[in-house]
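Novice: mmCIF, C-alpha atoms, file input.cif:
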```
data_data
loop_
_atom_site.label_atom_id
_atom_site.label_comp_id
_atom_site.auth_asym_id
_atom_site.auth_seq_id
_atom_site.Cartn_x
_atom_site.Cartn_y
_atom_site.Cartn_z
CA ASP A 1 84.25 79.76 160.19
CA ILE A 2 87.88 80.60 159.52
CA LEU A 3 90.35 77.71 159.46
CA VAL A 4 94.00 78.69 159.82
CA ASN A 5 97.27 76.75 159.64
CA ALA A 6 95.65 74.06 157.49
CA ASN A 7 97.60 72.35 154.72
CA VAL A 8 95.28 71.91 151.72
CA THR A 9 96.13 68.61 150.03
CA ARG A 10 93.46 68.10 147.34
CA VAL A 11 90.86 70.01 145.32
CA GLU A 12 88.46 67.85 143.29
CA SER A 13 85.10 67.87 141.52
CA VAL A 14 82.27 66.01 143.27
CA GLU A 15 78.80 65.95 141.65
CA GLY A 16 78.64 69.59 140.63
CA ARG A 17 80.49 70.88 143.68
CA VAL A 18 84.16 71.08 144.72
CA ARG A 19 85.62 69.13 147.61
CA VAL A 20 88.63 70.57 149.42
CA SER A 21 90.69 68.27 151.64
CA TRP A 22 93.25 69.39 154.18
CA GLN A 23 95.45 68.32 157.07
CA GLY A 24 95.73 70.08 160.42
CA GLY A 25 94.17 73.47 161.00
CA ALA A 26 92.75 75.35 163.93
CA GLY A 27 90.06 77.96 164.36
CA GLY A 28 91.07 81.56 163.90
CA ALA A 29 89.85 84.58 165.80
CA HIS A 30 86.40 84.30 164.19
CA GLY A 31 85.81 80.56 164.21
CA PRO A 32 86.26 77.41 166.31
CA SER A 33 88.65 74.59 165.61
CA SER A 34 87.27 72.06 163.15
CA PRO A 35 87.71 68.26 163.42
CA ALA A 36 86.84 67.91 159.73
CA THR A 37 89.46 67.18 157.10
CA ALA A 38 87.33 67.90 154.00
CA ALA A 39 84.30 69.91 152.93
CA GLU A 40 82.31 70.58 149.75
CA PHE A 41 81.73 74.03 148.29
CA ASP A 42 79.76 75.70 145.49
CA ALA A 43 82.86 77.70 144.52
CA VAL A 44 86.54 77.83 145.45
CA VAL A 45 89.16 80.55 145.09
CA ILE A 46 92.84 79.58 144.95
CA ALA A 47 94.92 82.59 145.99
CA THR A 48 98.46 81.25 146.03
CA PRO A 49 100.78 80.26 143.18
CA LEU A 50 100.29 76.58 142.41
CA GLU A 51 104.03 76.32 141.79
CA LEU A 52 104.56 77.02 145.50
CA ALA A 53 101.65 74.89 146.78
CA GLY A 54 103.69 71.80 147.63
CA ASP A 55 102.01 68.48 146.90
CA LEU A 56 98.53 69.89 146.28
CA GLU A 57 96.51 67.59 144.02
CA ILE A 58 93.88 69.03 141.67
CA GLU A 59 91.37 66.90 139.79
CA LEU A 60 88.57 68.90 138.21
CA SER A 61 85.94 67.86 135.67
CA GLY A 62 86.46 70.98 133.60
CA SER A 63 90.25 71.20 133.67
CA ASP A 64 90.95 68.87 130.74
CA GLY A 65 94.05 67.91 132.72
CA ASN A 66 95.61 71.18 131.56
CA ILE A 67 96.60 73.10 134.68
CA VAL A 68 99.78 75.13 134.46
CA THR A 69 102.01 74.57 137.50
CA ASP A 70 105.51 75.04 136.10
CA ARG A 71 106.04 78.80 135.88
CA PRO A 72 109.52 79.72 137.22
CA HIS A 73 109.34 82.27 140.03
CA GLN A 74 111.66 85.14 140.91
CA THR A 75 113.47 85.51 144.23
CA THR A 76 113.58 89.14 145.34
CA HIS A 77 115.80 90.57 148.06
CA THR A 78 114.36 93.61 149.83
CA THR A 79 116.57 95.85 151.95
CA PHE A 80 115.28 98.74 154.08
CA VAL A 81 117.85 101.36 155.05
CA ASP A 82 117.64 104.39 157.32
CA GLY A 83 120.49 106.47 155.95
CA THR A 84 121.91 108.85 153.36
CA LEU A 85 122.69 107.94 149.76
CA SER A 86 126.32 108.39 148.77
CA PRO A 87 126.88 111.27 146.31
CA ALA A 88 130.11 109.64 145.12
CA TYR A 89 128.36 106.37 144.27
CA PHE A 90 125.80 108.17 142.10
CA ASP A 91 128.37 110.61 140.68
CA ILE A 92 126.64 113.75 141.92
CA SER A 93 127.93 116.65 144.00
CA ALA A 94 127.34 116.67 147.73
CA ALA A 95 125.15 119.78 147.30
CA HIS A 96 122.95 118.07 144.70
CA PRO A 97 119.56 116.86 146.01
CA ARG A 98 119.48 113.11 146.52
CA PRO A 99 117.27 111.17 144.08
CA TYR A 100 113.96 109.91 145.42
CA ASP A 101 113.48 106.90 143.16
CA ILE A 102 116.05 105.07 141.03
CA LEU A 103 115.24 102.39 138.45
CA THR A 104 117.91 100.32 136.73
CA MET A 105 118.28 97.84 133.89
CA GLU A 106 119.22 94.18 134.38
CA LEU A 107 122.92 94.67 133.62
CA GLU A 108 125.99 92.96 135.03
CA GLY A 109 127.62 95.13 137.66
CA VAL A 110 124.45 96.94 138.66
CA GLU A 111 124.00 96.07 142.32
CA PHE A 112 120.29 96.76 142.75
CA SER A 113 117.10 96.74 140.70
CA SER A 114 115.57 99.84 142.28
CA VAL A 115 115.80 102.29 145.15
CA GLY A 116 112.65 103.89 146.51
CA TYR A 117 112.25 106.77 148.97
CA HIS A 118 109.85 105.99 151.84
CA GLY A 119 109.99 109.04 154.08
CA ALA A 120 112.23 110.89 156.48
CA GLY A 121 114.82 108.98 158.49
CA THR A 122 115.44 109.05 162.22
CA THR A 123 118.52 111.29 162.03
CA ARG A 124 119.07 114.72 160.50
CA GLY A 125 119.35 114.54 156.70
CA ALA A 126 118.62 110.81 156.55
CA SER A 127 115.77 109.07 154.73
CA ILE A 128 114.14 105.67 154.67
CA TYR A 129 114.87 103.75 151.45
CA LYS A 130 113.69 100.41 150.11
CA LEU A 131 116.01 98.59 147.74
CA PHE A 132 115.10 95.62 145.52
CA SER A 133 117.91 93.39 144.26
CA ARG A 134 118.45 89.96 142.70
CA VAL A 135 121.00 88.98 145.37
CA GLU A 136 121.49 89.99 148.99
CA LEU A 137 123.08 93.38 149.50
CA ASP A 138 125.74 92.78 152.15
CA ASP A 139 127.21 95.50 154.36
CA GLU A 140 130.07 96.10 151.94
CA ALA A 141 127.65 96.84 149.09
CA LEU A 142 125.44 99.04 151.27
CA ASP A 143 128.46 101.03 152.45
CA ARG A 144 129.18 101.84 148.81
CA ILE A 145 125.60 102.91 148.09
CA PHE A 146 125.12 104.87 151.34
CA SER A 147 127.46 107.36 152.97
CA ALA A 148 125.79 106.75 156.35
CA ARG A 149 123.39 104.13 157.77
CA SER A 150 121.76 104.00 161.19
CA ALA A 151 119.52 100.94 160.63
CA THR A 152 119.20 98.15 158.08
CA GLU A 153 116.59 95.41 157.68
CA ARG A 154 116.67 92.61 155.09
CA LEU A 155 113.90 90.39 153.73
CA VAL A 156 114.24 87.53 151.25
CA TRP A 157 111.05 86.91 149.25
CA ARG A 158 111.33 83.56 147.50
CA GLY A 159 108.75 83.09 144.77
CA ALA A 160 107.82 86.77 144.75
CA TYR A 161 106.27 86.60 141.28
CA PRO A 162 106.62 84.65 138.03
CA VAL A 163 109.68 85.39 135.91
CA LEU A 164 108.21 87.82 133.39
CA ASP A 165 109.84 86.67 130.17
CA PRO A 166 107.79 86.95 126.96
CA VAL A 167 105.85 83.70 126.45
CA ASP A 168 102.94 82.53 124.33
CA ASP A 169 99.65 83.21 126.14
CA GLU A 170 98.83 79.51 125.79
CA ALA A 171 101.42 78.98 128.54
CA TRP A 172 99.40 81.15 130.94
CA PRO A 173 97.25 79.40 133.54
CA ARG A 174 93.48 79.36 133.11
CA PHE A 175 91.62 81.88 135.27
CA ASP A 176 88.78 79.45 136.03
CA LEU A 177 90.45 76.06 136.42
CA ASN A 178 87.09 74.29 136.12
CA SER A 179 85.79 75.95 132.96
CA GLY A 180 87.05 73.60 130.26
CA ASP A 181 85.14 71.15 128.13
CA GLY A 182 85.68 68.15 130.37
CA GLY A 183 82.75 67.06 132.56
CA GLY A 184 79.35 68.66 132.90
CA GLY A 185 77.96 66.53 130.08
CA ASP A 186 74.64 66.15 131.87
CA GLY A 187 74.07 69.90 131.70
CA THR A 188 74.99 70.49 135.36
CA PRO A 189 77.00 73.71 135.67
CA LEU A 190 80.59 73.22 136.80
CA ALA A 191 81.44 74.81 140.14
CA PRO A 192 83.94 77.62 139.52
CA VAL A 193 87.48 77.20 140.85
CA MET A 194 88.99 80.64 140.42
CA TYR A 195 92.77 81.02 140.30
CA VAL A 196 93.58 84.67 140.99
CA ASN A 197 97.34 84.16 140.58
CA ALA A 198 96.80 83.37 136.89
CA MET A 199 96.85 87.16 136.40
CA GLU A 200 100.53 87.20 137.40
CA SER A 201 101.63 85.69 134.08
CA PRO A 202 101.06 88.87 132.02
CA VAL A 203 101.73 91.31 134.88
CA SER A 204 102.35 90.91 138.60
CA CYS A 205 101.56 93.61 141.16
CA MET A 206 99.15 94.21 144.02
CA GLU A 207 96.90 96.38 141.86
CA THR A 208 96.36 93.74 139.18
CA GLU A 209 95.76 91.07 141.82
CA ILE A 210 92.93 93.27 143.13
CA ILE A 211 91.43 93.27 139.63
CA SER A 212 91.86 89.51 139.43
CA ALA A 213 90.15 89.02 142.81
CA LYS A 214 87.24 91.24 141.75
CA ASN A 215 86.81 89.25 138.55
CA ALA A 216 86.80 86.05 140.59
CA ALA A 217 84.09 87.42 142.88
CA LEU A 218 81.95 88.49 139.90
CA ARG A 219 82.37 85.11 138.21
CA ILE A 220 81.35 83.29 141.40
CA ALA A 221 78.34 85.61 141.90
CA ASP A 222 77.14 84.79 138.38
CA ALA A 223 77.62 81.06 138.98
CA LEU A 224 75.73 81.11 142.29
CA GLU A 225 72.81 82.98 140.71
CA ALA A 226 72.57 80.19 138.12
CA LEU A 227 72.17 77.47 140.77
#
```
Let me see the file written as structure tokens.
Specialist:
Amino acid sequence: DILVNANVTRVESVEGRVRVSWQGGAGGAHGPSSPATAAEFDAVVIATPLELAGDLEIELSGSDGNIVTDRPHQTTHTTFVDGTLSPAYFDISAAHPRPYDILTMELEGVEFSSVGYHGAGTTRGASIYKLFSRVELDDEALDRIFSARSATERLVWRGAYPVLDPVDDEAWPRFDLNSGDGGGGDGTPLAPVMYVNAMESPVSCMETEIISAKNAALRIADALEAL
């Protein structure tokens, strides 16, 4: 069954398994609504940053009480524009081909982090561009960057990824939150609780999250074979 719109409130160890508790929730397209508010599992995957998980409580036998939940996260402003880049803004001649991709450094006065080409626009000579920036690009800023615009869409992504400042790897979250030395003293294997967003501490992108998810699946497969 698939349970959607449920607010997970607690993840805890229970006799070699993991109990997940939640509030609310309704059946999705592939499953009925569930009156239950908790269930036990042989393995759990957490696929959201714990820093953005509200009041979620985690109590695991193997965590040693050492679960990182204080990584600062970056807010990213994304702006999609159907238009033409301004030659004057980029100090190029009008006859010069427009750049496809532009990357910048984090310097005062630089209005955007990057500009990426995403295909032809809806009018002659125009293109679709995606801009990332640390603050919202208002119409005044966009009119400097573009000589013409026919459409603009803005998206604010709060908590897009952890702030990627150099830190000691001891400050990174554990990949398996239930793999420490606490608990399991009777020889019973600890149920894995995989945290795929731990991978975002050294590098954060869709491709590395795929690798993290695959590692989680392999770790769970090994654990289930050992049952």
Novice: Residues at most 9 Å from region 196-208 of chain A, counting only C-alpha atoms, excluding those fewer than 5 positions away in the same chain, as a VMD selection string?
Specialist: chain A and resid 45 to 50 71 161 to 164 166 to 167 169 171 to 176 213 215 to 216
Novice: Please expand the PyMOL selection byres ((chain A and resi 130-133) around 6) into the concrete residues it hits in this file, giving the result as a ChimeraX atom specification.
Specialist: /A:77-80,112-116,129,134-135
Novice: Can you work out the spacing between CA of Glu15 (chain A) and CA of Pro189 (chain A) in Å, to one decimal?
Specialist: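 We find that CA of Glu15 (chain A) and CA of Pro189 (chain A) lie 10.0 Å from each other.
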Novice: Mind checking which residues fall within 12 Å of Leu227 (chain A), counting all atoms listed in the file, ignoring those fewer than 5 positions away in the same chain, and posting them as a list in words?
Specialist: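 Close residues of Leu227 (chain A): Gly16, Arg17, Asp42, Ala43, Gly187, Thr188, Pro189, Leu190, Ala191, Pro192, Ile220, Ala221 and Asp222 of chain A.
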Novice: When you look at Arg98 (chain A) with a cut-off of 9 Å (counting all atoms listed in the file), what residues show up, excluding the ones that are within fewer than 3 positions of it in the same chain? I need them as a list in words.
Specialist: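 Close residues of Arg98 (chain A): Thr84, Leu85, Ser86, Pro87, Ile92, Ala94 and Ala95 of chain A.
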Novice: Go ahead and save the picked residues with C-alpha atoms, as a compact mmCIF listing (two decimals), in the frame of the given file.
Specialist:
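What ended up in result_15.txt:
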```txt
# COMPACT_ATOMS: atom_id res chain seq x y z
CA THR A 84 121.91 108.85 153.36
CA LEU A 85 122.69 107.94 149.76
CA SER A 86 126.32 108.39 148.77
CA PRO A 87 126.88 111.27 146.31
CA ILE A 92 126.64 113.75 141.92
CA ALA A 94 127.34 116.67 147.73
CA ALA A 95 125.15 119.78 147.30
```
